[in-house]
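So the structure is just underneath, and the comments pick up after that.
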Amino acid sequence: AQTVTQSQPEMSVQEAETVTLSCTYDTSESDYYLFWYKQPPSRQMILVIRQEAYKQQNATENRFSVNFQKAAKSFSLKISDSQLGDAAMYFCAYRVLDSNYQLIWGAGTKLIIKP
Amino acid sequence: EPEVTQTPSHQVTQMGQEVILRCVPISNHLYFYWYRQILGQKVEFLVSFYNNEISEKSEIFDDQFSVERPDGSNFTLKIRSTKLEDSAMYFCASSPQGALDTQYFGPGTRLTVL
């Protein structure tokens, strides 16, 4: 069975500094997608970044980047120059690339930004 | 930028009552999904829908649940006889294609069953 694990229930970082959120997953598949979603207090689920497993290059979106280690089944999210608006729950999610459409989610990491 | 919308934002109902949660997916998207998140727990997949039929459903999606695309824009989740444990945030999502595409989420409907 595919599982996603986020081992950090809560992380805090000083504004303008860098923080890394960890995510590991378990799968026997070779083709899949990985995602980081952000859920601010408004509870809306917002896509932050996605990574295709077949791509060796780590995805980057502005201040957000991932460290994708396929062999280790690790998918961490780095947030550079943290801003107050980054405060949210961050969820790592996985989807296998076949007819299985569902996203499988981690438990989430609450990110606190200290001013 | 197009968004997935959901109504209502909060629904309160009595146990045993039927509820319908509504979603308007992004207009050119073909795949639609419902997820739920019980407070403090992981997001759980309920169902995916394509071409006017269910393409995949989880164990949670039992006979009490149904989905429908009644017209060209709405996508609904019906819970026939709500239970206390149905209290959760329900998220609708849509994607242009299926497995190859990112799912875009709506803001959610908070369902409270009393």
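Letters for chains follow the order of the structure tokens (A, B, ...), residue numbers begin at 1 for each chain, and ligand numbers begin at 1 in the order shown.
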
Distance query Tyr104 of chain B at most 9 Å, only C-alpha atoms, self and fewer than 5 positions along chain excluded, as a PDB file with N, CA, C and O atoms, in the first residue's frame:
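Wrote it out as out_0.pdb, contents follow:
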```pdb
ATOM      1  N   MET A  45      -7.228  24.476   0.055  1.00  0.00           N
ATOM      2  CA  MET A  45      -6.045  23.688  -0.293  1.00  0.00           C
ATOM      3  C   MET A  45      -5.423  24.294  -1.544  1.00  0.00           C
ATOM      4  O   MET A  45      -6.046  24.328  -2.606  1.00  0.00           O
ATOM      5  N   ILE A  46      -4.194  24.755  -1.422  1.00  0.00           N
ATOM      6  CA  ILE A  46      -3.531  25.470  -2.514  1.00  0.00           C
ATOM      7  C   ILE A  46      -2.288  24.704  -2.941  1.00  0.00           C
ATOM      8  O   ILE A  46      -1.443  24.366  -2.112  1.00  0.00           O
ATOM      9  N   LEU A  47      -2.166  24.442  -4.232  1.00  0.00           N
ATOM     10  CA  LEU A  47      -0.983  23.748  -4.734  1.00  0.00           C
ATOM     11  C   LEU A  47       0.238  24.649  -4.609  1.00  0.00           C
ATOM     12  O   LEU A  47       0.211  25.803  -5.020  1.00  0.00           O
TER      13      LEU A  47
ATOM     14  N   GLU B   3     -11.076  29.281 -10.788  1.00  0.00           N
ATOM     15  CA  GLU B   3     -11.020  28.609  -9.498  1.00  0.00           C
ATOM     16  C   GLU B   3     -12.157  27.612  -9.387  1.00  0.00           C
ATOM     17  O   GLU B   3     -13.202  27.762 -10.019  1.00  0.00           O
ATOM     18  N   VAL B   4     -11.947  26.636  -8.548  1.00  0.00           N
ATOM     19  CA  VAL B   4     -13.030  25.739  -8.155  1.00  0.00           C
ATOM     20  C   VAL B   4     -13.799  26.439  -7.031  1.00  0.00           C
ATOM     21  O   VAL B   4     -13.185  26.981  -6.099  1.00  0.00           O
ATOM     22  N   PRO B  25     -16.597  23.017 -10.768  1.00  0.00           N
ATOM     23  CA  PRO B  25     -15.193  22.821 -11.161  1.00  0.00           C
ATOM     24  C   PRO B  25     -14.756  23.876 -12.174  1.00  0.00           C
ATOM     25  O   PRO B  25     -15.575  24.622 -12.707  1.00  0.00           O
ATOM     26  N   ILE B  26     -13.485  23.928 -12.441  1.00  0.00           N
ATOM     27  CA  ILE B  26     -12.956  24.820 -13.475  1.00  0.00           C
ATOM     28  C   ILE B  26     -13.506  24.366 -14.818  1.00  0.00           C
ATOM     29  O   ILE B  26     -13.554  23.157 -15.105  1.00  0.00           O
ATOM     30  N   CYS B  92     -13.811  19.687  -2.909  1.00  0.00           N
ATOM     31  CA  CYS B  92     -13.988  19.303  -4.301  1.00  0.00           C
ATOM     32  C   CYS B  92     -12.713  19.689  -5.050  1.00  0.00           C
ATOM     33  O   CYS B  92     -12.064  20.694  -4.714  1.00  0.00           O
ATOM     34  N   ALA B  93     -12.339  18.898  -6.022  1.00  0.00           N
ATOM     35  CA  ALA B  93     -11.179  19.221  -6.855  1.00  0.00           C
ATOM     36  C   ALA B  93     -11.491  18.867  -8.294  1.00  0.00           C
ATOM     37  O   ALA B  93     -12.373  18.034  -8.572  1.00  0.00           O
ATOM     38  N   SER B  94     -10.759  19.495  -9.213  1.00  0.00           N
ATOM     39  CA  SER B  94     -10.916  19.138 -10.622  1.00  0.00           C
ATOM     40  C   SER B  94      -9.562  19.184 -11.303  1.00  0.00           C
ATOM     41  O   SER B  94      -8.632  19.846 -10.820  1.00  0.00           O
ATOM     42  N   SER B  95      -9.447  18.475 -12.399  1.00  0.00           N
ATOM     43  CA  SER B  95      -8.214  18.492 -13.184  1.00  0.00           C
ATOM     44  C   SER B  95      -8.580  18.397 -14.660  1.00  0.00           C
ATOM     45  O   SER B  95      -9.595  17.816 -15.028  1.00  0.00           O
TER      46      SER B  95
END
```

What are the closest atom pairs, with distances in Å to one decimal, for all residues of chain A lying within 12 Å of chain B? Consider only C-alpha atoms, order rows by chain and residue number, and present the result as CSV.
```
residue,atom,partner,partner_atom,distance
A:Thr3,CA,B:Lys42,CA,11.5
A:Val4,CA,B:Lys42,CA,10.3
A:Thr5,CA,B:Lys42,CA,10.6
A:Gln6,CA,B:Lys42,CA,10.8
A:Pro9,CA,B:Gly40,CA,10.9
A:Asp31,CA,B:Leu100,CA,10.6
A:Tyr32,CA,B:Ala99,CA,8.9
A:Tyr33,CA,B:Leu100,CA,8.3
A:Leu34,CA,B:Thr102,CA,9.8
A:Phe35,CA,B:Thr102,CA,8.5
A:Trp36,CA,B:Thr102,CA,10.9
A:Tyr37,CA,B:Phe105,CA,9.8
A:Lys38,CA,B:Phe105,CA,10.9
A:Gln39,CA,B:Pro107,CA,9.6
A:Pro40,CA,B:Pro107,CA,10.5
A:Pro41,CA,B:Pro107,CA,10.9
A:Ser42,CA,B:Pro107,CA,7.7
A:Arg43,CA,B:Pro107,CA,6.5
A:Gln44,CA,B:Pro107,CA,4.1
A:Met45,CA,B:Phe105,CA,5.7
A:Ile46,CA,B:Phe105,CA,6.8
A:Leu47,CA,B:Tyr104,CA,7.2
A:Val48,CA,B:Thr102,CA,10.8
A:Ile49,CA,B:Thr102,CA,9.7
A:Arg50,CA,B:Thr102,CA,8.0
A:Gln51,CA,B:Thr102,CA,10.3
A:Glu52,CA,B:Leu100,CA,9.4
A:Ala53,CA,B:Leu100,CA,11.8
A:Met89,CA,B:Gly40,CA,10.9
A:Tyr90,CA,B:Lys42,CA,11.4
A:Phe91,CA,B:Lys42,CA,9.0
A:Cys92,CA,B:Val43,CA,10.5
A:Ala93,CA,B:Val43,CA,9.5
A:Tyr94,CA,B:Thr102,CA,10.9
A:Arg95,CA,B:Ala99,CA,7.6
A:Val96,CA,B:Ala99,CA,7.5
A:Leu97,CA,B:Ala99,CA,5.6
A:Asp98,CA,B:Ala99,CA,6.2
A:Ser99,CA,B:Ala99,CA,6.6
A:Asn100,CA,B:Ala99,CA,7.0
A:Tyr101,CA,B:Ala99,CA,5.4
A:Gln102,CA,B:Phe45,CA,6.1
A:Leu103,CA,B:Phe45,CA,6.8
A:Ile104,CA,B:Glu44,CA,7.4
A:Trp105,CA,B:Val43,CA,6.0
A:Gly106,CA,B:Lys42,CA,6.5
A:Ala107,CA,B:Lys42,CA,4.9
A:Gly108,CA,B:Lys42,CA,7.4
A:Thr109,CA,B:Lys42,CA,11.0
A:Lys110,CA,B:Gly40,CA,11.2
```

- Point-to-point distance from atom CA of Ser12 of chain A to atom CA of Ile113 of chain A, Å rounded to tenths: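 These two atoms are separated by 5.8 Å.
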
- Can you work out the spacing between atom CA of Tyr50 of chain B and atom CA of Gln97 of chain B in Å, to one decimal?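 Between atom CA of Tyr50 of chain B and atom CA of Gln97 of chain B the gap is 9.4 Å.
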
- Task: Could you jot down the atom CA of Leu21 of chain B to atom CA of Leu77 of chain B separation for me, Å, one decimal place?
- Result: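 Answer for the atom CA of Leu21 of chain B to atom CA of Leu77 of chain B separation: 5.1 Å.
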
- Item | Residue neighbourhood segment 112-114 of chain B, 8 Å, only C-alpha atoms, exclusion window fewer than 4 positions, as a list in words | His10, Gln11, Val12, Thr13, Gln14, Met15, Thr82, Lys83, Leu84, Glu85, Asp86, Ser87 and Ala88 of chain B

- All strand (DSSP E) positions in chain A, as number ranges by chain: A: 3-5, 10-14, 19-21, 24-26, 32-39, 46-52, 60-61, 64-69, 74-79, 88-96, 104-105, 109-114

Next, write the just-selected residues to a file, as a compact mmCIF listing (two decimals), in the first residue's frame, keeping C-alpha atoms as the atom set.
```
# COMPACT_ATOMS: atom_id res chain seq x y z
CA THR A 3 1.70 5.72 2.29
CA VAL A 4 2.96 9.24 2.85
CA THR A 5 4.65 10.24 6.09
CA GLU A 10 4.95 21.45 13.64
CA MET A 11 7.86 23.62 12.53
CA SER A 12 8.69 27.24 13.23
CA VAL A 13 11.01 29.61 11.45
CA GLN A 14 12.03 33.21 11.78
CA VAL A 19 12.92 26.14 6.52
CA THR A 20 12.71 22.58 5.22
CA LEU A 21 9.69 20.36 5.66
CA THR A 24 8.76 10.36 2.88
CA TYR A 25 6.59 7.94 0.99
CA ASP A 26 6.35 4.27 0.37
CA TYR A 32 4.17 8.88 -9.95
CA TYR A 33 3.68 12.49 -9.02
CA LEU A 34 4.42 14.19 -5.73
CA PHE A 35 2.84 17.38 -4.53
CA TRP A 36 3.05 19.90 -1.76
CA TYR A 37 -0.19 21.64 -0.89
CA LYS A 38 -0.61 24.52 1.51
CA GLN A 39 -3.69 24.96 3.69
CA ILE A 46 -3.53 25.47 -2.51
CA LEU A 47 -0.98 23.75 -4.73
CA VAL A 48 2.55 24.86 -3.90
CA ILE A 49 4.69 22.66 -6.12
CA ARG A 50 4.70 19.34 -7.92
CA GLN A 51 7.37 16.88 -9.00
CA GLU A 52 7.21 14.16 -11.62
CA THR A 60 11.28 25.06 -8.16
CA GLU A 61 8.59 27.70 -7.85
CA PHE A 64 9.72 27.11 -2.95
CA SER A 65 11.89 24.22 -4.03
CA VAL A 66 11.99 20.51 -3.44
CA ASN A 67 14.72 18.01 -2.73
CA PHE A 68 13.50 14.86 -4.44
CA GLN A 69 15.48 11.73 -3.62
CA SER A 74 12.08 11.40 0.14
CA PHE A 75 10.46 14.63 -1.01
CA SER A 76 11.27 17.63 1.17
CA LEU A 77 10.05 21.19 0.66
CA LYS A 78 12.38 24.13 1.18
CA ILE A 79 10.92 27.57 1.73
CA ALA A 88 -0.14 27.33 7.10
CA MET A 89 -0.48 23.56 7.22
CA TYR A 90 1.63 21.95 4.54
CA PHE A 91 0.59 18.61 3.13
CA CYS A 92 2.68 16.27 1.05
CA ALA A 93 0.67 14.14 -1.38
CA TYR A 94 1.35 11.33 -3.83
CA ARG A 95 -0.38 10.00 -6.88
CA VAL A 96 0.57 7.00 -8.96
CA ILE A 104 -2.70 9.97 -0.96
CA TRP A 105 -1.91 12.47 1.76
CA THR A 109 3.11 19.94 9.08
CA LYS A 110 2.03 23.15 10.73
CA LEU A 111 4.42 25.93 9.80
CA ILE A 112 4.69 28.89 12.15
CA ILE A 113 6.46 32.05 11.03
CA LYS A 114 7.95 34.16 13.81
```

- Query: Looking at B:Gln37, B:Asn28, B:Thr76, B:Ser81, which one is nearest to Thr7 of chain B, with distances taken over only C-alpha atoms?
  - Reply: B:Thr76
